[in-house]
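Undergrad: Quick one: this structure, given as structure tokens, is what I'll be asking you about.
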Amino acid sequence: EAREGEITFLANSKYSPLLERTQASAVIVSREIQSCPRPIICTDNPSLAFAKVVSLFSPCQAKHPKGIHSTAVIGSDVNLGKNVSIGAYAVVEDGACIGDNTIIYAGCYIGHKAKVGDNTVLYPRVTVREAVDIGNRVVIHSGSVIGSDGFGFAAVEGLRQRIPQIGTVVIEDDVEIGANVTVDRARFEKTVIGKGTKIDNLVQIAHNVVVGENSIIVAQAGISGSTTVGKNAILAGQSGLVGHITLGDNVVVMAQSGVSKSVPANTMVLGSPAREHMEWKKVNACVQRLPMLY
């Protein structure tokens, strides 16, 4: 789509043939690209470099609320830091603590004794339930619910009786949570989202789950209760994890996989039930031959 006078980038090698016919005046590329009909800018990470260029030429248009709106409801014994902004009809319950430079958009709910750190942004209609602890520089997008009750019921004489969920949720620093994500509070102790983790839209994280630092969880993934995910893990779209298992550091769960048992570190799994991805590919290749074999 780029035209004369515009700049573009090449981050995926499968698009390399387009270098021959792009109309862009310059292209940001990786250092492996040696020649191109157009001027090139060689970088270690073309996608990141292009993002920086975009931020220079087209800065963010979002206008954050300033100050505390007259319709916001602030409870008693609330601790507000410096330069806090709270939008229209937001509710901050008794005993909550909001850190410096934090922005709370319209319609958000901050529960009793909840803590929200410094330089954090909660977009419209985010719900932070009671006693939840959110760190610094966290971004939570619209519609997400942090600290809802875990899904726990006991059968008593044929009826389902709710099991109290008396734990909390801890969201560590530099986490970003997409729209309509649910992170359930623990039955006891805490559900933890580790520092630097990024969560896409429409993700379900159940009670007592622990997600390690710098992990990626993609849309429509679901993690069942009391499961531990290691550092730098990637859970691709629509993947699902059963409860009470452990995924090691650097594990990759490929799209639509169902993980039913623990996975050692540095492993990539695929399929349902998930298995090591090269083994799964061999099995699938055999399945594809079944009609001929029959």
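Chain identifiers are assigned as A, B, and so on, following the order in which chains appear in the structure tokens; residues are numbered from 1 within each chain, and ligands are numbered from 1 in order of appearance.
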From a DSSP calculation on the backbone, collect every residue of segment 69-246 of chain A in strand (DSSP E) and output the set as a PyMOL selection string.

TA: chain A and resi 73-74+79-80+85-86+91-92+97-98+103-104+109-110+115-116+121-122+127-128+133-134+139-140+145-148+153-156+159-162+168-171+176-177+182-184+190-193+198-199+204-205+210-211+216-217+222-223+228-229+234-235+240-241+246

Undergrad: With distances taken over only C-alpha atoms, which of A:Val156, A:Ala11, A:Val84, A:Val78 is nearest to Leu122 of chain A?

TA: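 For Leu122 of chain A, the nearest of the candidates is A:Val84.
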
Undergrad: Would you compute the distance between atom CA of Val139 of chain A and atom CA of Val121 of chain A? Give it in Å to one decimal.

TA: 4.9 Å

Undergrad: Run DSSP on the backbone and grab whatever in segment 30-235 of chain A lands in helix (DSSP H, G or I); send it over as a list in words.

TA: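 Residues meeting the helix (DSSP H, G or I) criterion: Pro46, Ser47, Leu48, Ala49, Phe50, Ala51, Lys52, Val53, Val54, Ser55, Leu56 and Phe57 of chain A.
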
Undergrad: Quick one: residues within 9 Å of Gly178 of chain A, only C-alpha atoms counted, chain neighbours fewer than 6 positions away excluded, as a PyMOL selection string?

TA: chain A and resi 139-144+198-203+219

Undergrad: What is the distance, in Å and to one decimal place, between atom CA of Asp133 of chain A and atom CA of Gly99 of chain A?

TA: 11.4 Å

Undergrad: Within 9 Å of segment 221-235 of chain A, which residues of segment 83-198 of chain A come that close, and what is the closest atom pair and distance in Å for each? Count only C-alpha atoms and give it as a Markdown table.

TA:
```
| residue | atom | partner | partner_atom | distance |
| --- | --- | --- | --- | --- |
| A:Gly150 | CA | A:Gly225 | CA | 8.2 |
| A:Phe151 | CA | A:Gly225 | CA | 8.5 |
| A:Ala186 | CA | A:Gly225 | CA | 8.7 |
| A:Thr191 | CA | A:Ser226 | CA | 8.5 |
| A:Gly194 | CA | A:Lys231 | CA | 8.1 |
| A:Thr197 | CA | A:Asn232 | CA | 8.2 |
```

Undergrad: Counting only C-alpha atoms, which of A:Val183, A:Met254, A:Ala26, A:Leu293 gets nearest to Ser272 of chain A?

TA: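 For Ser272 of chain A, the nearest of the candidates is A:Met254.
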
Undergrad: Identify, on the basis of only C-alpha atoms, every residue whose closest approach to segment 258-261 of chain A does not exceed 10 Å; exclude the query and any residue fewer than 6 positions from it along the same chain; express the result as a PyMOL selection string.

TA: chain A and resi 221-223+238-247+269-275

Undergrad: Any idea what's packed within 7 Å of Ile104 of chain A, counting only C-alpha atoms, ignoring anything in its chain fewer than 2 positions away? Could you give it as a VMD selection string?

TA: chain A and resid 85 to 87 102 106 108 121 to 123

Undergrad: For those residues, write all heavy atoms to a file as a PDB file, in the first residue's frame.

TA:
```pdb
ATOM      1  N   SER A  85      -5.646  10.684  37.520  1.00  0.00           N
ATOM      2  CA  SER A  85      -6.802  11.101  36.716  1.00  0.00           C
ATOM      3  C   SER A  85      -7.875  10.026  36.813  1.00  0.00           C
ATOM      4  O   SER A  85      -7.580   8.831  36.631  1.00  0.00           O
ATOM      5  CB  SER A  85      -6.404  11.306  35.259  1.00  0.00           C
ATOM      6  OG  SER A  85      -5.448  12.344  35.143  1.00  0.00           O
ATOM      7  N   ILE A  86      -9.108  10.453  37.090  1.00  0.00           N
ATOM      8  CA  ILE A  86     -10.230   9.521  37.220  1.00  0.00           C
ATOM      9  C   ILE A  86     -11.387  10.054  36.395  1.00  0.00           C
ATOM     10  O   ILE A  86     -11.849  11.183  36.604  1.00  0.00           O
ATOM     11  CB  ILE A  86     -10.649   9.350  38.696  1.00  0.00           C
ATOM     12  CG1 ILE A  86      -9.456   8.843  39.522  1.00  0.00           C
ATOM     13  CG2 ILE A  86     -11.823   8.389  38.813  1.00  0.00           C
ATOM     14  CD1 ILE A  86      -9.747   8.697  41.004  1.00  0.00           C
ATOM     15  N   GLY A  87     -11.862   9.257  35.431  1.00  0.00           N
ATOM     16  CA  GLY A  87     -12.886   9.691  34.496  1.00  0.00           C
ATOM     17  C   GLY A  87     -14.293   9.649  35.069  1.00  0.00           C
ATOM     18  O   GLY A  87     -14.525   9.260  36.220  1.00  0.00           O
ATOM     19  N   THR A 102      -1.385   7.658  37.603  1.00  0.00           N
ATOM     20  CA  THR A 102      -2.257   6.598  37.077  1.00  0.00           C
ATOM     21  C   THR A 102      -3.535   7.209  36.500  1.00  0.00           C
ATOM     22  O   THR A 102      -4.050   8.200  37.005  1.00  0.00           O
ATOM     23  CB  THR A 102      -2.570   5.579  38.186  1.00  0.00           C
ATOM     24  OG1 THR A 102      -1.418   4.758  38.369  1.00  0.00           O
ATOM     25  CG2 THR A 102      -3.754   4.702  37.850  1.00  0.00           C
ATOM     26  N   ALA A 106     -13.407   6.374  32.309  1.00  0.00           N
ATOM     27  CA  ALA A 106     -14.819   6.409  32.708  1.00  0.00           C
ATOM     28  C   ALA A 106     -15.368   5.003  32.940  1.00  0.00           C
ATOM     29  O   ALA A 106     -15.054   4.056  32.219  1.00  0.00           O
ATOM     30  CB  ALA A 106     -15.642   7.115  31.635  1.00  0.00           C
ATOM     31  N   CYS A 108     -14.907   2.800  35.238  1.00  0.00           N
ATOM     32  CA  CYS A 108     -14.124   1.756  35.902  1.00  0.00           C
ATOM     33  C   CYS A 108     -14.592   1.568  37.342  1.00  0.00           C
ATOM     34  O   CYS A 108     -15.177   2.468  37.948  1.00  0.00           O
ATOM     35  CB  CYS A 108     -12.633   2.116  35.891  1.00  0.00           C
ATOM     36  SG  CYS A 108     -11.851   1.969  34.278  1.00  0.00           S
ATOM     37  N   VAL A 121      -2.633   2.455  33.447  1.00  0.00           N
ATOM     38  CA  VAL A 121      -3.798   2.936  32.711  1.00  0.00           C
ATOM     39  C   VAL A 121      -4.867   1.854  32.707  1.00  0.00           C
ATOM     40  O   VAL A 121      -4.618   0.719  32.279  1.00  0.00           O
ATOM     41  CB  VAL A 121      -3.441   3.311  31.256  1.00  0.00           C
ATOM     42  CG1 VAL A 121      -4.686   3.782  30.505  1.00  0.00           C
ATOM     43  CG2 VAL A 121      -2.357   4.376  31.212  1.00  0.00           C
ATOM     44  N   LEU A 122      -6.060   2.211  33.188  1.00  0.00           N
ATOM     45  CA  LEU A 122      -7.224   1.339  33.105  1.00  0.00           C
ATOM     46  C   LEU A 122      -8.216   1.973  32.153  1.00  0.00           C
ATOM     47  O   LEU A 122      -8.751   3.049  32.424  1.00  0.00           O
ATOM     48  CB  LEU A 122      -7.864   1.159  34.489  1.00  0.00           C
ATOM     49  CG  LEU A 122      -6.960   0.700  35.644  1.00  0.00           C
ATOM     50  CD1 LEU A 122      -7.793   0.492  36.902  1.00  0.00           C
ATOM     51  CD2 LEU A 122      -6.197  -0.555  35.284  1.00  0.00           C
ATOM     52  N   TYR A 123      -8.472   1.317  31.035  1.00  0.00           N
ATOM     53  CA  TYR A 123      -9.382   1.855  30.032  1.00  0.00           C
ATOM     54  C   TYR A 123     -10.844   1.651  30.463  1.00  0.00           C
ATOM     55  O   TYR A 123     -11.108   0.987  31.465  1.00  0.00           O
ATOM     56  CB  TYR A 123      -9.078   1.237  28.669  1.00  0.00           C
ATOM     57  CG  TYR A 123      -7.850   1.859  28.032  1.00  0.00           C
ATOM     58  CD1 TYR A 123      -6.615   1.209  28.058  1.00  0.00           C
ATOM     59  CD2 TYR A 123      -7.912   3.112  27.440  1.00  0.00           C
ATOM     60  CE1 TYR A 123      -5.482   1.794  27.498  1.00  0.00           C
ATOM     61  CE2 TYR A 123      -6.784   3.701  26.874  1.00  0.00           C
ATOM     62  CZ  TYR A 123      -5.574   3.034  26.915  1.00  0.00           C
ATOM     63  OH  TYR A 123      -4.461   3.633  26.367  1.00  0.00           O
TER      64      TYR A 123
END
```

Undergrad: Can you list, as a compact mmCIF listing (two decimals) with N, CA, C and O atoms, in the first residue's frame, every protein, DNA or RNA residue that comes within 8 Å of segment 39-50 of chain A when you count only C-alpha atoms, leaving out same-chain residues fewer than 3 positions away?

TA:
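The result, stored in selection39.txt:
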```
# COMPACT_ATOMS: atom_id res chain seq x y z
N THR A 8 8.13 2.15 4.49
CA THR A 8 7.54 0.87 4.88
C THR A 8 8.62 0.00 5.51
O THR A 8 9.75 0.47 5.73
N PHE A 9 8.30 -1.25 5.80
CA PHE A 9 9.28 -2.13 6.42
C PHE A 9 9.08 -3.56 5.95
O PHE A 9 8.00 -3.94 5.50
N LEU A 10 10.11 -4.36 6.09
CA LEU A 10 10.07 -5.79 5.75
C LEU A 10 10.57 -6.56 6.97
O LEU A 10 11.75 -6.50 7.31
N ALA A 11 9.66 -7.27 7.64
CA ALA A 11 10.04 -8.05 8.82
C ALA A 11 9.88 -9.55 8.59
O ALA A 11 10.43 -10.35 9.34
N SER A 25 9.29 5.18 -0.75
CA SER A 25 10.55 5.90 -0.96
C SER A 25 11.70 5.30 -0.18
O SER A 25 12.86 5.55 -0.50
N ALA A 26 11.40 4.54 0.87
CA ALA A 26 12.44 3.85 1.64
C ALA A 26 11.83 2.66 2.35
O ALA A 26 10.62 2.64 2.62
N VAL A 27 12.67 1.67 2.66
CA VAL A 27 12.21 0.45 3.31
C VAL A 27 13.15 0.14 4.48
O VAL A 27 14.36 0.10 4.31
N ILE A 28 12.56 -0.10 5.64
CA ILE A 28 13.34 -0.55 6.80
C ILE A 28 13.42 -2.07 6.72
O ILE A 28 12.40 -2.75 6.66
N VAL A 29 14.65 -2.60 6.74
CA VAL A 29 14.85 -4.04 6.54
C VAL A 29 15.83 -4.56 7.59
O VAL A 29 16.48 -3.80 8.31
N SER A 30 15.95 -5.89 7.64
CA SER A 30 16.96 -6.51 8.50
C SER A 30 18.33 -6.41 7.83
O SER A 30 18.44 -6.10 6.64
N ARG A 31 19.36 -6.69 8.59
CA ARG A 31 20.72 -6.54 8.06
C ARG A 31 21.08 -7.60 7.02
O ARG A 31 22.10 -7.47 6.33
N ILE A 33 19.36 -8.17 4.35
CA ILE A 33 19.01 -7.63 3.02
C ILE A 33 20.15 -6.74 2.54
O ILE A 33 20.49 -5.74 3.18
N SER A 35 20.50 -5.66 -0.93
CA SER A 35 20.19 -4.78 -2.07
C SER A 35 18.70 -4.69 -2.28
O SER A 35 17.95 -5.60 -1.92
N CYS A 36 18.28 -3.56 -2.89
CA CYS A 36 16.87 -3.31 -3.15
C CYS A 36 16.79 -2.15 -4.13
O CYS A 36 17.65 -1.26 -4.10
N VAL A 53 9.32 4.78 14.15
CA VAL A 53 9.08 5.77 13.10
C VAL A 53 7.61 6.23 13.11
O VAL A 53 7.32 7.42 13.02
N VAL A 54 6.70 5.27 13.25
CA VAL A 54 5.28 5.61 13.29
C VAL A 54 4.98 6.53 14.46
O VAL A 54 4.21 7.51 14.33
```
